[in-house]
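In what follows, a structure is listed as structure tokens, so that the remarks can point back to it.
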Amino acid sequence: MDALDFLETPARQAAVVEETEHRPWPLPAEPWLQAQTWEDLCFLHWRVDEAALRPLVPQELELQTFDGDAWLGVTPFRVTGLRLRGLPPLPLVSAYPELNVRTYVSRDGRPGIWFFSLDAPSRAIVEAARRLYRLPYRPARIDLDRRGGFVHYESSRPGAVFSARYRGEGDFVRPEPGSLEHFLTERYRLYAADDAGKAYRADIHHLPWSLQSAEAVVELNTMAPPGVELAGEPLVHFAARLDVVVWGLEPV
């Protein structure tokens with residue numbers, strides 16, 4: 001992050017709460033807890049067997065489908081500008097690559113994201129996220145760089161490897177409500193669980209996604225949870241940047 005970004009990013013992050021018409025429910029009354037910016041994000045989605053996913057998601061959460069299909073997403077991206085509310089981006093840990101594996105759930109009519117894994121190279125980030133959000137973060141070796149117009153992304157940890165290159169193509173478009181793209185991306189809550197299986201939630205907020213169609217070459221992908229098969233080519237979208245604020249964790 002250069003000096004200009006260091007100054008502008010916190011303001012851009014905080015400003016996202018000024019636009020809320022697109023949210024499916026109001027912002028929480030409490031102040032948000034932390035902010036971050038997502039860059040060079042690729043959504044890779046596969047149709048998967050609902051019966052294979054259902055046992056992997058807490059019973060308190062409804063596993064959502066679109067036109068009868070469950071979906072699993074693998075999302076490589078880069079976090080920048082990570083900070084706590086009222087503070088500037090944190091030295092040494094404010095920017096890092098991350099890789100998420102996710103599906104889509106709902107509780108009390110409020111859709112959100114369930115994460116099977118979240119990989120990051122910083123052990124400090126992994127431990128903090130596990131404690132604060134009870135999310136299944138795992139330490140991994142991750143390399144991200146841009147070459148020849150593509151984002152090249154490599155992530156590995158014991159038993160899970162992801163290697164791909166991707167790039168956006170065409171115009172940026174906001175997904176239409178009711179579309180598959182909207183179902184897969186426009187979500188303003190994450191769900192998590194502790195070691196005893198108790199479910200939790202945390203609200204998030206950002207401006208509507210602005211997506212491009214994308215080209216992706218996946219050379220190796222063993223990120224799916226056990227028992228879940230990823231067959232065929234994924235549905236791919238690209239997002240250049242999104243500023244996000246996140247509230248604290250609460251029991252469902």
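Simple scheme: letters A, B, ... for chains in structure tokens order, numbers from 1 for residues in each chain, numbers from 1 for ligands in the order shown.
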So that I can see what lies close to region 79-90 of chain A, please list as number ranges by chain the residues with an atom at most 7 Å from it, counting only C-alpha atoms and leaving out residues fewer than 2 positions away in the same chain. A: 9-10, 33-39, 77, 92-98
Skipping near chain neighbours, those fewer than 5 positions away, what residues fall within 6 Å of region 42-49 of chain A using only C-alpha atoms, listed as an mmCIF file with N, CA and C atoms, in the first residue's frame?
data_model
loop_
_atom_site.group_PDB
_atom_site.id
_atom_site.type_symbol
_atom_site.label_atom_id
_atom_site.label_comp_id
_atom_site.auth_asym_id
_atom_site.auth_seq_id
_atom_site.Cartn_x
_atom_site.Cartn_y
_atom_site.Cartn_z
ATOM 1 N N ALA A 70 -26.986 -26.832 -5.265
ATOM 2 C CA ALA A 70 -26.096 -26.240 -4.277
ATOM 3 C C ALA A 70 -24.813 -25.812 -4.990
ATOM 4 N N TRP A 71 -24.107 -24.856 -4.402
ATOM 5 C CA TRP A 71 -22.911 -24.311 -5.028
ATOM 6 C C TRP A 71 -21.781 -24.248 -4.021
ATOM 7 N N LEU A 72 -20.579 -24.521 -4.508
ATOM 8 C CA LEU A 72 -19.372 -24.348 -3.711
ATOM 9 C C LEU A 72 -18.452 -23.380 -4.435
ATOM 10 N N GLY A 73 -17.961 -22.374 -3.699
ATOM 11 C CA GLY A 73 -17.094 -21.370 -4.286
ATOM 12 C C GLY A 73 -15.681 -21.447 -3.747
ATOM 13 N N VAL A 74 -14.709 -21.247 -4.615
ATOM 14 C CA VAL A 74 -13.308 -21.077 -4.239
ATOM 15 C C VAL A 74 -12.931 -19.662 -4.669
ATOM 16 N N THR A 75 -12.476 -18.846 -3.719
ATOM 17 C CA THR A 75 -12.257 -17.427 -4.006
ATOM 18 C C THR A 75 -10.853 -16.989 -3.599
ATOM 19 N N PRO A 76 -9.918 -16.935 -4.531
ATOM 20 C CA PRO A 76 -8.608 -16.338 -4.257
ATOM 21 C C PRO A 76 -8.675 -14.823 -4.400
ATOM 22 N N PRO A 234 -15.614 -24.409 -13.828
ATOM 23 C CA PRO A 234 -16.354 -23.530 -12.916
ATOM 24 C C PRO A 234 -16.981 -22.345 -13.635
ATOM 25 N N LEU A 235 -17.972 -21.761 -13.000
ATOM 26 C CA LEU A 235 -18.484 -20.449 -13.380
ATOM 27 C C LEU A 235 -17.541 -19.420 -12.768
ATOM 28 N N VAL A 236 -17.056 -18.463 -13.571
ATOM 29 C CA VAL A 236 -15.979 -17.585 -13.121
ATOM 30 C C VAL A 236 -16.383 -16.115 -13.252
ATOM 31 N N HIS A 237 -16.116 -15.349 -12.191
ATOM 32 C CA HIS A 237 -16.294 -13.891 -12.211
ATOM 33 C C HIS A 237 -15.094 -13.242 -11.527
ATOM 34 N N PHE A 238 -14.873 -11.979 -11.876
ATOM 35 C CA PHE A 238 -13.739 -11.240 -11.346
ATOM 36 C C PHE A 238 -14.216 -9.919 -10.762
#
List the spatial neighbours of region 242-251 of chain A as a ChimeraX atom specification - criterion: any atom at most 8 Å away, only C-alpha atoms, same-chain residues fewer than 4 positions off excluded. /A:12-14,16,30-39,132-133,198-207,209
Just the residues within 7 Å of Ala239 (chain A), please, counting only C-alpha atoms, with nothing from its chain fewer than 6 positions along; format it as an MDAnalysis selection string. chainID A and resid 40:42 210:212
File of the preceding selection, N, CA and C atoms, as a short mmCIF file (atom, residue, chain, number, x, y, z; two decimals), in the first residue's frame:
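Below is the file result.cif, written as the result:
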data_model
loop_
_atom_site.label_atom_id
_atom_site.label_comp_id
_atom_site.auth_asym_id
_atom_site.auth_seq_id
_atom_site.Cartn_x
_atom_site.Cartn_y
_atom_site.Cartn_z
N ASP A 40 -8.39 -7.94 -6.62
CA ASP A 40 -8.08 -9.04 -7.56
C ASP A 40 -8.76 -10.33 -7.14
N LEU A 41 -10.06 -10.22 -6.84
CA LEU A 41 -10.81 -11.38 -6.35
C LEU A 41 -11.43 -12.15 -7.51
N CYS A 42 -11.27 -13.46 -7.48
CA CYS A 42 -11.87 -14.33 -8.49
C CYS A 42 -12.88 -15.27 -7.81
N SER A 210 -19.39 -5.23 -8.22
CA SER A 210 -19.22 -4.88 -9.62
C SER A 210 -18.34 -5.96 -10.23
N LEU A 211 -18.92 -6.79 -11.10
CA LEU A 211 -18.27 -8.01 -11.58
C LEU A 211 -17.98 -7.96 -13.07
N GLN A 212 -16.90 -8.59 -13.44
CA GLN A 212 -16.61 -8.89 -14.84
C GLN A 212 -16.74 -10.39 -15.07
#
Using only C-alpha atoms, which protein or nucleic acid residues come within 12 Å of Pro24 (chain A)? Drop anything in the same chain fewer than 2 positions from it, and give the result as a list of chain:residue names. A:Thr20, A:Glu21, A:His22, A:Pro26, A:Leu27, A:Gly109, A:Arg110, A:Pro111, A:Gly112, A:Pro177, A:Glu186, A:Arg187, A:Tyr188, A:Arg189, A:Asp203, A:Ile204, A:His205, A:Pro208
How would the residues just picked look written out with N, CA, C and O atoms as a PDB file, in the first residue's frame?
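Full text of part-v5.pdb as output:
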ATOM      1  N   THR A  20     -26.946   2.116   1.543  1.00  0.00           N
ATOM      2  CA  THR A  20     -27.508   0.914   2.151  1.00  0.00           C
ATOM      3  C   THR A  20     -28.766   0.404   1.462  1.00  0.00           C
ATOM      4  O   THR A  20     -29.331  -0.609   1.878  1.00  0.00           O
ATOM      5  N   GLU A  21     -29.225   1.086   0.403  1.00  0.00           N
ATOM      6  CA  GLU A  21     -30.491   0.700  -0.228  1.00  0.00           C
ATOM      7  C   GLU A  21     -30.477  -0.721  -0.757  1.00  0.00           C
ATOM      8  O   GLU A  21     -31.521  -1.374  -0.862  1.00  0.00           O
ATOM      9  N   HIS A  22     -29.305  -1.226  -1.095  1.00  0.00           N
ATOM     10  CA  HIS A  22     -29.201  -2.558  -1.674  1.00  0.00           C
ATOM     11  C   HIS A  22     -29.201  -3.667  -0.627  1.00  0.00           C
ATOM     12  O   HIS A  22     -29.315  -4.839  -0.974  1.00  0.00           O
ATOM     13  N   PRO A  26     -31.599  -3.829   7.516  1.00  0.00           N
ATOM     14  CA  PRO A  26     -30.858  -2.622   7.937  1.00  0.00           C
ATOM     15  C   PRO A  26     -29.488  -2.955   8.514  1.00  0.00           C
ATOM     16  O   PRO A  26     -29.222  -4.065   8.969  1.00  0.00           O
ATOM     17  N   LEU A  27     -28.624  -1.947   8.532  1.00  0.00           N
ATOM     18  CA  LEU A  27     -27.336  -2.077   9.204  1.00  0.00           C
ATOM     19  C   LEU A  27     -27.551  -2.346  10.696  1.00  0.00           C
ATOM     20  O   LEU A  27     -28.520  -1.871  11.290  1.00  0.00           O
ATOM     21  N   GLY A 109     -34.293 -16.276   7.632  1.00  0.00           N
ATOM     22  CA  GLY A 109     -34.546 -15.510   6.423  1.00  0.00           C
ATOM     23  C   GLY A 109     -33.433 -14.570   6.008  1.00  0.00           C
ATOM     24  O   GLY A 109     -33.631 -13.764   5.093  1.00  0.00           O
ATOM     25  N   ARG A 110     -32.277 -14.678   6.662  1.00  0.00           N
ATOM     26  CA  ARG A 110     -31.165 -13.793   6.323  1.00  0.00           C
ATOM     27  C   ARG A 110     -30.011 -14.612   5.737  1.00  0.00           C
ATOM     28  O   ARG A 110     -29.309 -15.320   6.457  1.00  0.00           O
ATOM     29  N   PRO A 111     -29.840 -14.529   4.427  1.00  0.00           N
ATOM     30  CA  PRO A 111     -28.822 -15.348   3.770  1.00  0.00           C
ATOM     31  C   PRO A 111     -27.411 -14.889   4.108  1.00  0.00           C
ATOM     32  O   PRO A 111     -27.162 -13.727   4.423  1.00  0.00           O
ATOM     33  N   GLY A 112     -26.488 -15.829   4.054  1.00  0.00           N
ATOM     34  CA  GLY A 112     -25.097 -15.516   4.332  1.00  0.00           C
ATOM     35  C   GLY A 112     -24.172 -16.560   3.752  1.00  0.00           C
ATOM     36  O   GLY A 112     -24.560 -17.352   2.882  1.00  0.00           O
ATOM     37  N   PRO A 177     -30.803  -8.485  -9.160  1.00  0.00           N
ATOM     38  CA  PRO A 177     -31.511  -9.291  -8.155  1.00  0.00           C
ATOM     39  C   PRO A 177     -32.275 -10.442  -8.811  1.00  0.00           C
ATOM     40  O   PRO A 177     -32.903 -10.264  -9.855  1.00  0.00           O
ATOM     41  N   GLU A 186     -24.040 -11.397  -3.519  1.00  0.00           N
ATOM     42  CA  GLU A 186     -24.622 -10.326  -2.711  1.00  0.00           C
ATOM     43  C   GLU A 186     -25.122 -10.874  -1.373  1.00  0.00           C
ATOM     44  O   GLU A 186     -26.316 -11.140  -1.183  1.00  0.00           O
ATOM     45  N   ARG A 187     -24.181 -11.002  -0.430  1.00  0.00           N
ATOM     46  CA  ARG A 187     -24.488 -11.561   0.888  1.00  0.00           C
ATOM     47  C   ARG A 187     -23.838 -10.684   1.955  1.00  0.00           C
ATOM     48  O   ARG A 187     -22.697 -10.271   1.810  1.00  0.00           O
ATOM     49  N   TYR A 188     -24.600 -10.436   3.007  1.00  0.00           N
ATOM     50  CA  TYR A 188     -24.177  -9.446   3.992  1.00  0.00           C
ATOM     51  C   TYR A 188     -24.103 -10.014   5.406  1.00  0.00           C
ATOM     52  O   TYR A 188     -24.248  -9.298   6.383  1.00  0.00           O
ATOM     53  N   ARG A 189     -23.817 -11.294   5.484  1.00  0.00           N
ATOM     54  CA  ARG A 189     -23.631 -11.947   6.774  1.00  0.00           C
ATOM     55  C   ARG A 189     -22.751 -13.176   6.579  1.00  0.00           C
ATOM     56  O   ARG A 189     -22.860 -13.867   5.567  1.00  0.00           O
ATOM     57  N   ASP A 203     -22.431  -9.586  10.792  1.00  0.00           N
ATOM     58  CA  ASP A 203     -22.852  -8.822   9.625  1.00  0.00           C
ATOM     59  C   ASP A 203     -21.648  -8.189   8.947  1.00  0.00           C
ATOM     60  O   ASP A 203     -20.644  -7.848   9.592  1.00  0.00           O
ATOM     61  N   ILE A 204     -21.756  -8.023   7.646  1.00  0.00           N
ATOM     62  CA  ILE A 204     -20.767  -7.300   6.864  1.00  0.00           C
ATOM     63  C   ILE A 204     -21.514  -6.297   5.977  1.00  0.00           C
ATOM     64  O   ILE A 204     -22.729  -6.410   5.778  1.00  0.00           O
ATOM     65  N   HIS A 205     -20.791  -5.320   5.474  1.00  0.00           N
ATOM     66  CA  HIS A 205     -21.423  -4.384   4.546  1.00  0.00           C
ATOM     67  C   HIS A 205     -20.395  -3.893   3.541  1.00  0.00           C
ATOM     68  O   HIS A 205     -19.212  -3.705   3.867  1.00  0.00           O
ATOM     69  N   PRO A 208     -22.652  -2.641  -3.633  1.00  0.00           N
ATOM     70  CA  PRO A 208     -22.954  -3.791  -4.481  1.00  0.00           C
ATOM     71  C   PRO A 208     -21.720  -4.232  -5.274  1.00  0.00           C
ATOM     72  O   PRO A 208     -20.899  -3.408  -5.690  1.00  0.00           O
TER      73      PRO A 208
END
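In this comparison, which uses only C-alpha atoms, the residue of A:Asp143, A:Leu118, A:Ser213, A:Pro55 approaching Pro175 (chain A) most closely is A:Ser213.
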Using only C-alpha atoms, which of the listed residues (A:Leu135, A:Leu99, A:Ala29, A:Leu220) sits closest to Asp195 (chain A)?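 Closest residue, counting only C-alpha atoms: A:Leu135.
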Quick one: pick out all strand (DSSP E) residues within region 122-172 of chain A from a backbone DSSP run and write them as an mmCIF file with N, CA, C and O atoms, in the first residue's frame.
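Generated file (result26.cif):
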data_model
loop_
_atom_site.group_PDB
_atom_site.id
_atom_site.type_symbol
_atom_site.label_atom_id
_atom_site.label_comp_id
_atom_site.auth_asym_id
_atom_site.auth_seq_id
_atom_site.Cartn_x
_atom_site.Cartn_y
_atom_site.Cartn_z
ATOM 1 N N TYR A 137 -9.847 -20.609 9.795
ATOM 2 C CA TYR A 137 -8.630 -20.149 9.128
ATOM 3 C C TYR A 137 -7.510 -21.164 9.319
ATOM 4 O O TYR A 137 -7.395 -21.792 10.380
ATOM 5 N N ARG A 138 -6.655 -21.278 8.287
ATOM 6 C CA ARG A 138 -5.535 -22.200 8.345
ATOM 7 C C ARG A 138 -4.306 -21.541 7.732
ATOM 8 O O ARG A 138 -4.421 -20.828 6.721
ATOM 9 N N PRO A 139 -3.149 -21.776 8.312
ATOM 10 C CA PRO A 139 -1.931 -21.210 7.722
ATOM 11 C C PRO A 139 -1.569 -21.928 6.428
ATOM 12 O O PRO A 139 -1.672 -23.164 6.334
ATOM 13 N N ARG A 141 0.994 -21.530 2.606
ATOM 14 C CA ARG A 141 1.967 -20.797 1.802
ATOM 15 C C ARG A 141 1.250 -20.300 0.556
ATOM 16 O O ARG A 141 0.702 -21.093 -0.218
ATOM 17 N N ILE A 142 1.217 -18.968 0.358
ATOM 18 C CA ILE A 142 0.461 -18.388 -0.752
ATOM 19 C C ILE A 142 1.340 -17.389 -1.496
ATOM 20 O O ILE A 142 1.999 -16.547 -0.887
ATOM 21 N N ASP A 143 1.315 -17.501 -2.819
ATOM 22 C CA ASP A 143 2.000 -16.546 -3.688
ATOM 23 C C ASP A 143 0.991 -15.979 -4.672
ATOM 24 O O ASP A 143 0.229 -16.727 -5.299
ATOM 25 N N LEU A 144 0.976 -14.658 -4.810
ATOM 26 C CA LEU A 144 0.089 -13.968 -5.747
ATOM 27 C C LEU A 144 0.900 -12.916 -6.476
ATOM 28 O O LEU A 144 1.584 -12.113 -5.847
ATOM 29 N N ASP A 145 0.843 -12.942 -7.793
ATOM 30 C CA ASP A 145 1.491 -11.883 -8.564
ATOM 31 C C ASP A 145 0.818 -11.744 -9.915
ATOM 32 O O ASP A 145 0.077 -12.633 -10.363
ATOM 33 N N ARG A 146 1.061 -10.617 -10.557
ATOM 34 C CA ARG A 146 0.496 -10.330 -11.880
ATOM 35 C C ARG A 146 1.571 -10.483 -12.942
ATOM 36 O O ARG A 146 2.636 -9.885 -12.837
ATOM 37 N N ARG A 147 1.266 -11.309 -13.963
ATOM 38 C CA ARG A 147 2.174 -11.499 -15.091
ATOM 39 C C ARG A 147 1.360 -11.709 -16.346
ATOM 40 O O ARG A 147 0.396 -12.481 -16.335
ATOM 41 N N PHE A 150 -2.476 -11.618 -16.331
ATOM 42 C CA PHE A 150 -3.181 -12.539 -15.446
ATOM 43 C C PHE A 150 -2.737 -12.342 -13.997
ATOM 44 O O PHE A 150 -1.602 -11.932 -13.731
ATOM 45 N N VAL A 151 -3.628 -12.651 -13.073
ATOM 46 C CA VAL A 151 -3.257 -12.854 -11.682
ATOM 47 C C VAL A 151 -2.870 -14.314 -11.526
ATOM 48 O O VAL A 151 -3.665 -15.213 -11.822
ATOM 49 N N HIS A 152 -1.642 -14.559 -11.096
ATOM 50 C CA HIS A 152 -1.166 -15.931 -10.861
ATOM 51 C C HIS A 152 -1.234 -16.205 -9.362
ATOM 52 O O HIS A 152 -0.703 -15.432 -8.554
ATOM 53 N N TYR A 153 -1.880 -17.297 -9.009
ATOM 54 C CA TYR A 153 -2.174 -17.566 -7.596
ATOM 55 C C TYR A 153 -1.807 -19.005 -7.255
ATOM 56 O O TYR A 153 -2.245 -19.937 -7.920
ATOM 57 N N GLU A 154 -0.994 -19.159 -6.221
ATOM 58 C CA GLU A 154 -0.573 -20.481 -5.751
ATOM 59 C C GLU A 154 -0.766 -20.550 -4.241
ATOM 60 O O GLU A 154 -0.270 -19.689 -3.510
ATOM 61 N N SER A 155 -1.477 -21.552 -3.767
ATOM 62 C CA SER A 155 -1.685 -21.741 -2.335
ATOM 63 C C SER A 155 -1.513 -23.215 -1.995
ATOM 64 O O SER A 155 -2.000 -24.084 -2.726
ATOM 65 N N SER A 156 -0.830 -23.483 -0.883
ATOM 66 C CA SER A 156 -0.651 -24.874 -0.484
ATOM 67 C C SER A 156 -0.538 -24.988 1.029
ATOM 68 O O SER A 156 0.041 -24.132 1.692
ATOM 69 N N ARG A 157 -1.120 -26.024 1.551
ATOM 70 C CA ARG A 157 -0.992 -26.476 2.932
ATOM 71 C C ARG A 157 -1.204 -27.980 2.900
ATOM 72 O O ARG A 157 -1.642 -28.531 1.864
ATOM 73 N N ALA A 160 -4.190 -29.710 0.827
ATOM 74 C CA ALA A 160 -4.985 -28.773 0.037
ATOM 75 C C ALA A 160 -4.071 -27.869 -0.779
ATOM 76 O O ALA A 160 -3.236 -27.155 -0.223
ATOM 77 N N VAL A 161 -4.260 -27.912 -2.102
ATOM 78 C CA VAL A 161 -3.434 -27.122 -3.012
ATOM 79 C C VAL A 161 -4.349 -26.443 -4.024
ATOM 80 O O VAL A 161 -5.324 -27.037 -4.511
ATOM 81 N N PHE A 162 -4.030 -25.197 -4.353
ATOM 82 C CA PHE A 162 -4.747 -24.474 -5.396
ATOM 83 C C PHE A 162 -3.726 -23.749 -6.248
ATOM 84 O O PHE A 162 -2.885 -23.006 -5.733
ATOM 85 N N SER A 163 -3.803 -23.954 -7.555
ATOM 86 C CA SER A 163 -2.902 -23.305 -8.494
ATOM 87 C C SER A 163 -3.706 -22.868 -9.706
ATOM 88 O O SER A 163 -4.340 -23.695 -10.369
ATOM 89 N N ALA A 164 -3.704 -21.552 -9.986
ATOM 90 C CA ALA A 164 -4.518 -21.046 -11.094
ATOM 91 C C ALA A 164 -3.995 -19.697 -11.550
ATOM 92 O O ALA A 164 -3.225 -19.029 -10.853
ATOM 93 N N ARG A 165 -4.446 -19.296 -12.717
ATOM 94 C CA ARG A 165 -4.261 -17.925 -13.185
ATOM 95 C C ARG A 165 -5.605 -17.452 -13.719
ATOM 96 O O ARG A 165 -6.390 -18.238 -14.258
ATOM 97 N N TYR A 166 -5.866 -16.149 -13.533
ATOM 98 C CA TYR A 166 -7.180 -15.628 -13.914
ATOM 99 C C TYR A 166 -7.083 -14.158 -14.255
ATOM 100 O O TYR A 166 -6.148 -13.450 -13.865
ATOM 101 N N ARG A 167 -8.087 -13.677 -14.992
ATOM 102 C CA ARG A 167 -8.173 -12.263 -15.321
ATOM 103 C C ARG A 167 -9.617 -11.924 -15.674
ATOM 104 O O ARG A 167 -10.378 -12.780 -16.154
ATOM 105 N N GLY A 168 -9.996 -10.679 -15.420
ATOM 106 C CA GLY A 168 -11.319 -10.219 -15.798
ATOM 107 C C GLY A 168 -11.380 -9.857 -17.264
ATOM 108 O O GLY A 168 -10.375 -9.484 -17.885
ATOM 109 N N GLU A 169 -12.605 -9.938 -17.836
ATOM 110 C CA GLU A 169 -12.819 -9.618 -19.247
ATOM 111 C C GLU A 169 -14.126 -8.847 -19.394
ATOM 112 O O GLU A 169 -15.126 -9.176 -18.752
ATOM 113 N N GLY A 170 -14.116 -7.829 -20.233
ATOM 114 C CA GLY A 170 -15.346 -7.113 -20.538
ATOM 115 C C GLY A 170 -15.704 -6.073 -19.503
ATOM 116 O O GLY A 170 -14.901 -5.676 -18.658
ATOM 117 N N ASP A 171 -16.946 -5.621 -19.582
ATOM 118 C CA ASP A 171 -17.424 -4.536 -18.731
ATOM 119 C C ASP A 171 -17.724 -5.023 -17.321
ATOM 120 O O ASP A 171 -18.055 -6.198 -17.105
ATOM 121 N N PHE A 172 -17.630 -4.088 -16.366
ATOM 122 C CA PHE A 172 -18.063 -4.376 -15.002
ATOM 123 C C PHE A 172 -19.572 -4.173 -14.917
ATOM 124 O O PHE A 172 -20.110 -3.163 -15.397
#
Got a sec: who's within 8 Å of Phe115 (chain A), counting only C-alpha atoms, leaving out chain neighbours fewer than 5 positions off, as a PDB file with N, CA and C atoms, in the first residue's frame?
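New file out.pdb:
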ATOM      1  N   ASN A 100     -10.494 -18.588   0.119  1.00  0.00           N
ATOM      2  CA  ASN A 100     -11.662 -19.073   0.847  1.00  0.00           C
ATOM      3  C   ASN A 100     -12.373 -20.173   0.076  1.00  0.00           C
ATOM      4  N   VAL A 101     -12.953 -21.106   0.815  1.00  0.00           N
ATOM      5  CA  VAL A 101     -13.842 -22.126   0.259  1.00  0.00           C
ATOM      6  C   VAL A 101     -15.173 -21.983   0.983  1.00  0.00           C
ATOM      7  N   ARG A 102     -16.270 -21.837   0.241  1.00  0.00           N
ATOM      8  CA  ARG A 102     -17.526 -21.377   0.827  1.00  0.00           C
ATOM      9  C   ARG A 102     -18.746 -21.996   0.166  1.00  0.00           C
ATOM     10  N   THR A 103     -19.864 -21.948   0.892  1.00  0.00           N
ATOM     11  CA  THR A 103     -21.164 -22.245   0.314  1.00  0.00           C
ATOM     12  C   THR A 103     -22.164 -21.264   0.895  1.00  0.00           C
ATOM     13  N   LEU A 135     -13.788 -18.656  12.799  1.00  0.00           N
ATOM     14  CA  LEU A 135     -13.737 -19.122  11.418  1.00  0.00           C
ATOM     15  C   LEU A 135     -12.589 -20.113  11.242  1.00  0.00           C
ATOM     16  N   PRO A 136     -12.732 -21.078  10.340  1.00  0.00           N
ATOM     17  CA  PRO A 136     -11.717 -22.120  10.160  1.00  0.00           C
ATOM     18  C   PRO A 136     -10.521 -21.657   9.318  1.00  0.00           C
ATOM     19  N   TYR A 191     -21.574 -16.777   8.653  1.00  0.00           N
ATOM     20  CA  TYR A 191     -21.926 -17.673   9.746  1.00  0.00           C
ATOM     21  C   TYR A 191     -20.716 -18.514  10.112  1.00  0.00           C
ATOM     22  N   ALA A 192     -20.632 -18.872  11.386  1.00  0.00           N
ATOM     23  CA  ALA A 192     -19.503 -19.655  11.882  1.00  0.00           C
ATOM     24  C   ALA A 192     -20.001 -20.551  13.006  1.00  0.00           C
TER      25      ALA A 192
END
Determine which residues of region 22-252 of chain A receive a DSSP assignment of alpha helix (DSSP H), computed from the backbone, and state them as a list of chain:residue names. A:Glu50, A:Ala51, A:Ala52, A:Leu53, A:Arg123, A:Ala124, A:Ile125, A:Val126, A:Glu127, A:Ala128, A:Ala129, A:Arg130, A:Arg131, A:Leu132, A:Tyr133, A:Leu180, A:Glu181, A:His182, A:Phe183, A:Leu184, A:Thr185
For Arg107 (chain A), work out the shell of residues within 8 Å, counting only C-alpha atoms and skipping chain neighbours fewer than 6 positions away, then give it as a PyMOL selection string. chain A and resi 60-62+252
Do you have the CA of Leu190 (chain A)-CA of Ile113 (chain A) distance handy?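 These two atoms are separated by 4.8 Å.
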